[in-house]
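The file input.cif contains mmCIF, C-alpha atoms:
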```cif
data_start
#
loop_
_atom_site.label_atom_id
_atom_site.label_comp_id
_atom_site.auth_asym_id
_atom_site.auth_seq_id
_atom_site.Cartn_x
_atom_site.Cartn_y
_atom_site.Cartn_z
CA MET A 1420 -12.07 21.66 167.70
CA SER A 1421 -13.11 19.44 170.57
CA SER A 1422 -16.73 18.80 171.45
CA PHE A 1423 -16.28 20.77 174.66
CA LEU A 1424 -15.30 23.91 172.77
CA VAL A 1425 -18.20 23.51 170.34
CA SER A 1426 -20.65 23.12 173.21
CA GLU A 1427 -19.14 26.18 174.95
CA ALA A 1428 -19.27 28.26 171.76
CA THR A 1429 -22.85 27.26 170.91
CA GLY A 1430 -23.85 27.89 174.52
CA GLY A 1431 -22.38 31.39 174.44
CA ALA A 1432 -23.98 32.09 171.08
CA MET A 1433 -27.39 30.99 172.36
CA VAL A 1434 -27.18 33.29 175.38
CA VAL A 1435 -26.55 36.30 173.12
CA LEU A 1436 -29.12 35.21 170.52
CA ILE A 1437 -31.82 34.76 173.17
CA LEU A 1438 -31.12 38.26 174.54
CA ILE A 1439 -31.28 39.75 171.03
CA ALA A 1440 -34.47 37.83 170.23
CA ILE A 1441 -36.08 39.25 173.36
CA ALA A 1442 -34.97 42.79 172.52
CA VAL A 1443 -36.09 42.80 168.87
CA PRO A 1444 -39.90 43.03 169.39
CA TYR A 1445 -39.42 46.02 171.69
CA ALA A 1446 -36.87 47.66 169.38
CA VAL A 1447 -39.16 47.56 166.35
CA ARG A 1448 -42.30 48.61 168.20
CA GLY A 1449 -41.72 52.35 168.08
CA ARG A 1450 -39.87 54.65 165.72
CA TRP A 1451 -36.61 54.93 167.61
CA LEU A 1452 -34.85 52.76 165.06
CA ALA A 1453 -36.60 54.29 162.07
CA PRO A 1454 -37.51 57.92 162.73
CA ALA A 1455 -38.84 58.31 159.19
CA GLY A 1456 -41.05 55.28 159.54
CA TRP A 1457 -40.48 51.64 158.77
CA GLY A 1458 -42.43 51.40 155.54
CA VAL A 1459 -43.55 47.90 156.47
CA GLY A 1460 -45.87 46.49 159.11
CA TYR A 1461 -44.90 45.27 162.57
CA LEU A 1462 -44.67 41.58 161.70
CA PRO A 1463 -42.19 41.95 158.79
CA ARG A 1464 -39.96 44.02 161.08
CA LEU A 1465 -39.79 41.02 163.38
CA ALA A 1466 -37.84 39.00 160.77
CA PRO A 1467 -34.64 38.85 162.90
CA HIS A 1468 -36.76 37.63 165.83
CA TYR A 1469 -38.09 34.75 163.72
CA LEU A 1470 -34.67 33.87 162.32
CA ILE A 1471 -33.11 33.86 165.78
CA GLY A 1472 -35.95 31.77 167.22
CA PHE A 1473 -35.42 29.00 164.68
CA THR A 1474 -31.63 29.30 165.07
CA VAL A 1475 -31.75 28.99 168.87
CA ALA A 1476 -33.93 25.88 168.67
CA GLY A 1477 -31.51 24.30 166.17
CA LEU A 1478 -28.45 25.39 168.15
CA SER A 1479 -29.88 23.82 171.32
CA LEU A 1480 -29.73 20.44 169.58
CA VAL A 1481 -26.14 21.02 168.43
CA HIS A 1482 -25.19 22.27 171.90
CA ALA A 1483 -26.76 19.26 173.63
CA GLY A 1484 -25.28 16.81 171.13
CA PHE A 1485 -21.72 18.04 171.58
CA ALA A 1486 -22.05 18.53 175.34
CA MET A 1487 -23.38 15.00 175.87
CA SER A 1488 -20.74 13.43 173.62
CA GLY A 1489 -17.95 14.62 175.93
CA PRO A 1490 -17.16 13.60 179.50
CA LEU A 1491 -19.90 14.46 181.96
CA VAL A 1492 -19.88 15.27 185.63
CA LEU A 1493 -22.98 13.44 186.77
CA GLY A 1494 -24.15 14.19 190.24
CA GLY A 1495 -25.60 16.87 192.45
CA ALA A 1496 -26.04 20.34 191.02
CA SER A 1497 -24.49 19.39 187.69
CA LEU A 1498 -27.11 16.72 187.01
CA THR A 1499 -29.86 19.12 188.02
CA GLY A 1500 -28.49 21.61 185.52
CA ILE A 1501 -28.57 19.03 182.74
CA TRP A 1502 -32.20 18.15 183.49
CA ILE A 1503 -33.10 21.84 183.48
CA ALA A 1504 -31.32 22.23 180.13
CA THR A 1505 -33.21 19.25 178.72
CA GLY A 1506 -36.49 20.83 179.74
CA ALA A 1507 -35.37 24.15 178.25
CA MET A 1508 -34.55 22.47 174.93
CA PHE A 1509 -38.10 21.13 174.61
CA LEU A 1510 -39.40 24.51 175.75
CA ALA A 1511 -37.40 26.20 172.96
CA PHE A 1512 -39.11 24.07 170.33
CA GLY A 1513 -42.50 24.75 171.94
CA GLN A 1514 -41.68 28.44 171.86
CA VAL A 1515 -40.90 28.26 168.14
CA MET A 1516 -44.24 26.56 167.51
CA VAL A 1517 -46.11 29.19 169.52
CA GLY A 1518 -44.23 31.97 167.73
CA ASN A 1519 -44.95 30.48 164.34
CA ARG A 1520 -48.65 30.25 165.20
CA LEU A 1521 -48.62 33.87 166.38
CA ARG A 1522 -47.59 35.04 162.91
CA SER A 1523 -50.92 33.98 161.45
CA LEU A 1524 -53.20 35.01 164.32
CA ARG A 1525 -55.00 38.30 164.84
CA GLY A 1526 -57.23 39.83 167.53
CA ARG A 1527 -57.96 38.39 170.95
CA GLU A 1528 -56.55 34.97 170.20
CA ARG A 1529 -53.26 36.55 169.20
CA LEU A 1530 -53.14 38.54 172.45
CA ARG A 1531 -53.82 35.41 174.48
CA LEU A 1532 -51.15 33.39 172.70
CA ARG A 1533 -48.70 36.29 172.94
CA ARG A 1534 -49.05 36.14 176.72
CA VAL A 1535 -48.18 32.43 176.54
CA HIS A 1536 -45.20 33.31 174.30
CA PHE A 1537 -44.06 35.86 176.88
CA ALA A 1538 -44.46 33.43 179.80
CA VAL A 1539 -42.50 30.71 177.97
CA MET A 1540 -39.78 33.28 177.28
CA GLY A 1541 -39.54 33.98 181.01
CA ALA A 1542 -39.30 30.26 181.77
CA LEU A 1543 -36.64 29.83 179.07
CA VAL A 1544 -34.52 32.67 180.41
CA ALA A 1545 -34.77 31.31 183.96
CA ALA A 1546 -33.88 27.79 182.81
CA ALA A 1547 -30.97 29.03 180.70
CA ALA A 1548 -29.61 31.13 183.57
CA LEU A 1549 -29.81 28.16 185.96
CA HIS A 1550 -28.18 25.87 183.41
CA VAL A 1551 -25.29 28.29 182.86
CA ALA A 1552 -24.83 28.75 186.61
CA LEU A 1553 -24.89 25.01 187.34
CA ASN A 1554 -23.02 23.67 184.30
CA GLY A 1555 -21.04 26.53 182.75
CA PRO A 1556 -17.34 26.06 183.57
CA VAL A 1557 -16.37 29.53 182.42
CA LEU A 1558 -18.99 31.23 184.58
CA GLN A 1559 -18.17 28.94 187.50
CA SER A 1560 -14.54 29.91 187.14
CA ILE A 1561 -15.42 33.61 187.20
CA LEU A 1562 -17.76 33.14 190.19
CA GLY A 1563 -15.06 31.14 191.95
CA ARG A 1564 -12.58 33.98 191.52
CA VAL A 1565 -15.09 36.60 192.66
CA ALA A 1566 -15.90 34.50 195.74
CA GLY A 1567 -12.21 34.40 196.43
CA MET B 286 -32.34 63.57 160.80
CA ASP B 287 -30.16 61.05 159.04
CA ALA B 288 -30.77 60.85 155.32
CA SER B 289 -30.49 57.09 155.35
CA ASN B 290 -33.42 56.87 157.74
CA SER B 291 -35.77 58.21 155.10
CA SER B 292 -35.13 55.45 152.58
CA ARG B 293 -38.13 53.18 152.57
CA PRO B 294 -37.49 49.45 152.71
CA ARG B 295 -38.62 47.25 149.88
CA PRO B 296 -40.58 44.14 150.77
CA GLY B 297 -38.95 40.80 150.12
CA SER B 298 -35.78 40.70 152.15
CA PRO B 299 -36.39 39.90 155.82
CA LEU B 300 -33.58 42.13 157.09
CA ARG B 301 -34.24 45.00 154.68
CA PRO B 302 -36.31 47.06 157.16
CA TRP B 303 -33.41 46.92 159.59
CA LEU B 304 -30.76 47.62 156.96
CA SER B 305 -32.65 50.63 155.67
CA THR B 306 -31.95 52.78 158.74
CA THR B 307 -28.66 53.84 160.26
CA ARG B 308 -29.70 52.83 163.76
CA GLY B 309 -30.97 49.51 162.48
CA ARG B 310 -27.66 48.81 160.74
CA LEU B 311 -25.74 49.81 163.87
CA LEU B 312 -27.87 47.58 166.05
CA LEU B 313 -27.52 44.64 163.65
CA GLY B 314 -23.75 45.19 163.56
CA ALA B 315 -23.60 45.33 167.34
CA GLY B 316 -25.61 42.12 167.52
CA VAL B 317 -23.24 40.35 165.13
CA LEU B 318 -20.20 41.58 167.09
CA LEU B 319 -21.78 40.46 170.35
CA LEU B 320 -22.44 37.06 168.83
CA ILE B 321 -18.83 36.72 167.65
CA ALA B 322 -17.62 37.75 171.11
CA ALA B 323 -19.93 35.25 172.80
CA ILE B 324 -18.52 32.45 170.64
CA ALA B 325 -14.89 33.56 170.86
CA ALA B 326 -14.71 34.39 174.58
CA PRO B 327 -15.29 30.89 175.99
CA VAL B 328 -13.12 29.31 173.30
CA ILE B 329 -10.18 31.68 173.89
CA GLY B 330 -10.68 31.58 177.65
CA PHE B 331 -10.74 27.81 177.78
CA THR B 332 -7.76 27.42 175.46
CA ARG B 333 -5.72 29.76 177.64
CA MET B 334 -6.85 28.15 180.86
CA MET B 335 -5.98 24.68 179.64
CA SER B 336 -2.33 25.68 179.49
CA PRO B 337 -1.78 28.76 181.64
CA SER B 338 1.98 28.49 181.58
CA GLY B 339 2.12 27.42 177.97
CA ALA B 340 3.95 24.26 179.01
CA PRO B 341 2.45 20.85 178.28
CA PRO B 342 1.82 18.66 181.33
CA ALA B 343 4.80 16.63 182.46
CA SER B 344 4.98 12.93 181.69
CA ARG B 345 6.32 10.38 184.19
CA SER B 346 9.85 10.61 182.78
CA GLN B 347 9.76 14.42 182.68
CA LEU B 348 8.61 14.45 186.29
CA SER B 349 11.51 12.26 187.36
CA GLY B 350 13.86 14.55 185.40
CA THR B 351 12.64 17.71 187.15
CA ARG B 352 14.88 18.87 189.98
CA VAL B 353 13.38 19.64 193.38
CA GLY B 354 12.57 23.34 193.45
CA GLY B 355 11.88 23.43 189.73
CA SER B 356 8.61 24.59 188.16
CA LEU B 357 6.38 22.09 186.42
CA THR B 358 2.90 21.44 185.16
CA VAL B 359 1.23 18.14 185.98
CA VAL B 360 -2.19 16.66 185.41
CA VAL B 361 -3.32 14.63 188.39
CA ARG B 362 -6.35 12.89 189.83
CA LEU B 363 -6.81 13.67 193.51
CA ASP B 364 -7.15 10.41 195.43
CA GLU B 365 -7.37 11.21 199.10
CA ARG B 366 -7.30 14.22 201.34
CA ARG B 367 -4.57 14.14 203.95
CA PRO B 368 -4.89 15.51 207.50
CA ASP B 369 -2.70 18.50 206.60
CA GLY B 370 -5.09 19.53 203.81
CA SER B 371 -2.90 18.32 200.96
CA PHE B 372 -3.93 15.43 198.70
CA THR B 373 -2.39 12.20 197.58
CA ALA B 374 -2.80 12.12 193.82
CA THR B 375 -2.11 9.98 190.78
CA LEU B 376 -0.08 11.44 187.95
CA LEU B 377 -1.94 11.33 184.61
CA GLU B 378 -0.31 11.28 181.19
CA PRO B 379 -1.89 12.59 177.97
CA ASP B 380 -3.47 9.85 175.89
CA GLY B 381 -5.05 11.66 172.94
CA ASP B 382 -7.40 14.61 172.66
CA ARG B 383 -8.75 15.39 176.13
CA SER B 384 -7.90 11.89 177.28
CA TYR B 385 -5.48 10.92 180.01
CA ARG B 386 -4.35 7.61 181.44
CA ALA B 387 -3.37 6.98 185.04
CA THR B 388 0.29 6.20 185.71
CA GLY B 389 1.55 4.36 188.76
CA ASN B 390 3.17 7.55 190.06
CA ARG B 391 1.71 8.90 193.27
CA LEU B 392 2.24 12.50 194.24
CA ARG B 393 1.40 14.71 197.15
CA VAL B 394 -0.24 17.91 195.97
CA ALA B 395 -0.51 20.86 198.33
CA PHE B 396 -2.63 23.95 197.78
CA ALA B 397 -2.11 27.33 199.36
CA PRO B 398 -4.96 29.68 200.27
CA ASP B 399 -3.90 31.92 197.39
CA THR B 400 -3.71 29.11 194.82
CA ARG B 401 -5.51 30.28 191.68
CA VAL B 402 -8.38 27.97 190.69
CA GLN B 403 -9.54 28.18 187.09
CA MET B 404 -12.48 26.46 185.41
CA GLY B 405 -13.91 25.77 188.82
CA ALA B 406 -13.80 26.77 192.46
CA ALA B 407 -11.85 25.79 195.59
CA GLN B 408 -14.61 23.35 196.60
CA ASP B 409 -13.93 21.39 193.39
CA LEU B 410 -10.57 20.36 194.84
CA ARG B 411 -11.72 17.09 196.38
CA ALA B 412 -11.04 13.38 196.04
CA GLY B 413 -11.80 12.22 192.49
CA ALA B 414 -11.16 15.63 190.93
CA VAL B 415 -8.93 15.81 187.85
CA LEU B 416 -6.81 18.91 187.55
CA GLN B 417 -3.87 20.48 185.86
CA ALA B 418 -1.58 21.96 188.48
CA ASP B 419 1.15 24.51 187.85
CA GLY B 420 3.58 24.69 190.68
CA VAL B 421 6.90 23.79 192.19
CA LEU B 422 8.32 20.36 192.94
CA THR B 423 8.96 20.62 196.68
CA ALA B 424 10.14 17.01 197.10
CA ARG B 425 10.62 14.08 194.73
CA ASP B 426 6.93 13.20 195.10
CA ALA B 427 5.40 16.49 196.23
CA VAL B 428 4.06 19.45 194.31
CA SER B 429 3.04 22.80 195.72
CA ALA B 430 0.41 24.19 193.35
CA ARG B 431 0.39 27.88 192.53
CA GLY B 432 -2.46 27.57 190.06
CA VAL B 433 -4.84 24.78 189.11
CA THR B 434 -7.28 24.26 186.28
CA VAL B 435 -10.15 21.95 187.14
CA LEU B 436 -10.55 19.40 184.35
CA THR B 437 -13.16 17.20 186.02
CA GLY B 438 -15.82 16.42 183.45
CA VAL B 439 -13.79 18.00 180.68
CA VAL B 440 -11.30 15.19 180.10
CA ARG B 441 -11.52 11.42 180.13
CA VAL B 442 -9.29 9.35 182.39
CA ALA B 443 -8.47 5.73 181.69
CA GLY B 444 -7.18 3.44 184.41
#
```

What would you get if you wrote out this structure as structure tokens?
Amino acid sequence: MSSFLVSEATGGAMVVLILIAIAVPYAVRGRWLAPAGWGVGYLPRLAPHYLIGFTVAGLSLVHAGFAMSGPLVLGGASLTGIWIATGAMFLAFGQVMVGNRLRSLRGRERLRLRRVHFAVMGALVAAAALHVALNGPVLQSILGRVAG
Amino acid sequence: MDASNSSRPRPGSPLRPWLSTTRGRLLLGAGVLLLIAAIAAPVIGFTRMMSPSGAPPASRSQLSGTRVGGSLTVVVRLDERRPDGSFTATLLEPDGDRSYRATGNRLRVAFAPDTRVQMGAAQDLRAGAVLQADGVLTARDAVSARGVTVLTGVVRVAG
């Protein structure tokens, strides 16, 4: 499989994984998923969130490695997209560090850091969306067709 | 209430709380399916777009063997826009995985307003762009493209 396909596949996987990672904390908060009760505390229920967080950070390296090893269109919006993606990659690792710290914190400090975790998530989603719009050939193709 | 929802998870396995409820299992399954789709969709889409007609791009000799009016697939680099909106282009030949080399053959490539553009948009059809064009040979050195796949940045071109 060519490096382009690997970078496309890892990119698509990261988009879905990020969306699932965002949804998990809300899904396990109430009892909708477990009407009879979870039987474990809130943090153990977040296990998929932790797994996905580490996976996304690792996948971002694989994605960048394969994407940069292929031919690049350098210039204009495409270059901007690559810089945004580079920033997002570092942000993803920062997010993992914040999330890991959150697991051991309690009380006010946890609430404060959780707000940071939430803000970084917003920045990551915005950066990822911009990167996909500026550098994603599949999305560009779809947008091109929609635009006529 | 679903009987499976009442089974209490045992500590130890990180996914056990999720696997212990029906809704949790369904959601995990949906997540896995979504992940598979996210990986497969771009791969399948790109593979199909790379060869919409199923035919490999024509080499220099195949191009010269194609009769005027016949269908063909060519990979070209657009060199210059002409006053009539068409482009002068250089025919490219495959030279390994996602690599092409420039031939000496020059073509005129014309696009219609309804030409399908894949892997890019109409504004990507400019000088320097590399594309695979499916169309009809309208003269010995002219192609009218019915569909193009933009390969700029996806393939390497030598020469």

Neighbours of point (-41.3, 39.5, 160.2) within 12 Å, using all atoms listed in the file, written as an MDAnalysis selection string: (chainID A and resid 1443:1444 1447 1459:1472 1518:1519 1521:1523) or (chainID B and resid 296:303)

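You can rank B:Ser371, B:Gln403, B:Thr434, B:Thr423 by their closest distance to chain A using only C-alpha atoms, and at the top of that list sits B:Gln403.
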
Atomic separation - CA of Arg391 in chain B relative to CA of Ser429 in chain B, Å: 14.2 Å

Expected selection from the PyMOL selection byres ((chain A and resi 1432) around 10), given as a compact mmCIF listing (two decimals) with C-alpha atoms, in the frame of the given file:
```txt
# COMPACT_ATOMS: atom_id res chain seq x y z
CA SER A 1426 -20.65 23.12 173.21
CA GLU A 1427 -19.14 26.18 174.95
CA ALA A 1428 -19.27 28.26 171.76
CA THR A 1429 -22.85 27.26 170.91
CA GLY A 1430 -23.85 27.89 174.52
CA GLY A 1431 -22.38 31.39 174.44
CA MET A 1433 -27.39 30.99 172.36
CA VAL A 1434 -27.18 33.29 175.38
CA VAL A 1435 -26.55 36.30 173.12
CA LEU A 1436 -29.12 35.21 170.52
CA ILE A 1437 -31.82 34.76 173.17
CA VAL A 1475 -31.75 28.99 168.87
CA LEU A 1478 -28.45 25.39 168.15
CA HIS A 1482 -25.19 22.27 171.90
CA LEU B 319 -21.78 40.46 170.35
CA LEU B 320 -22.44 37.06 168.83
CA ILE B 321 -18.83 36.72 167.65
CA ALA B 322 -17.62 37.75 171.11
CA ALA B 323 -19.93 35.25 172.80
CA ILE B 324 -18.52 32.45 170.64
CA ALA B 325 -14.89 33.56 170.86
```

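The two atoms in question, CA of Gly370 in chain B and CA of Leu416 in chain B, are spaced 16.4 Å apart.
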
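Our summary of the geometry notes that CA of Ala424 in chain B is positioned 19.9 Å from CA of Glu378 in chain B.
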
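Neighbours of Gly309 in chain B closer than or equal to 10 Å, with all atoms listed in the file counted and sequence neighbours fewer than 3 positions away skipped, come out as Ala1446, Val1447, Trp1451, Leu1452 and Ala1453 of chain A; Asn290, Leu300, Arg301, Pro302, Trp303, Leu304, Ser305, Thr306, Leu312, Leu313, Gly314 and Ala315 of chain B.
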
Neighbour list for range 355-359 of chain B as JSON, numbers by chain, cut-off 12 Å, all atoms listed in the file, skip fewer than 3 positions in-chain: {"B": [335, 336, 337, 338, 339, 340, 341, 342, 343, 344, 345, 346, 347, 348, 349, 350, 351, 352, 362, 363, 374, 375, 376, 377, 378, 379, 385, 388, 390, 391, 392, 393, 394, 415, 416, 417, 418, 419, 420, 421, 422, 423, 424, 425, 426, 427, 428, 429, 430, 431, 432, 433, 434, 436]}

Top pick for closest residue to chain A, considering B:Ile329, B:Ala412, B:Val353, B:Met404 and counting all atoms listed in the file: B:Met404

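Take the candidates B:Ala387, B:Ala397, B:Leu311, B:Val328 and check each one against chain A using all atoms listed in the file; the shortest distance goes to B:Val328.
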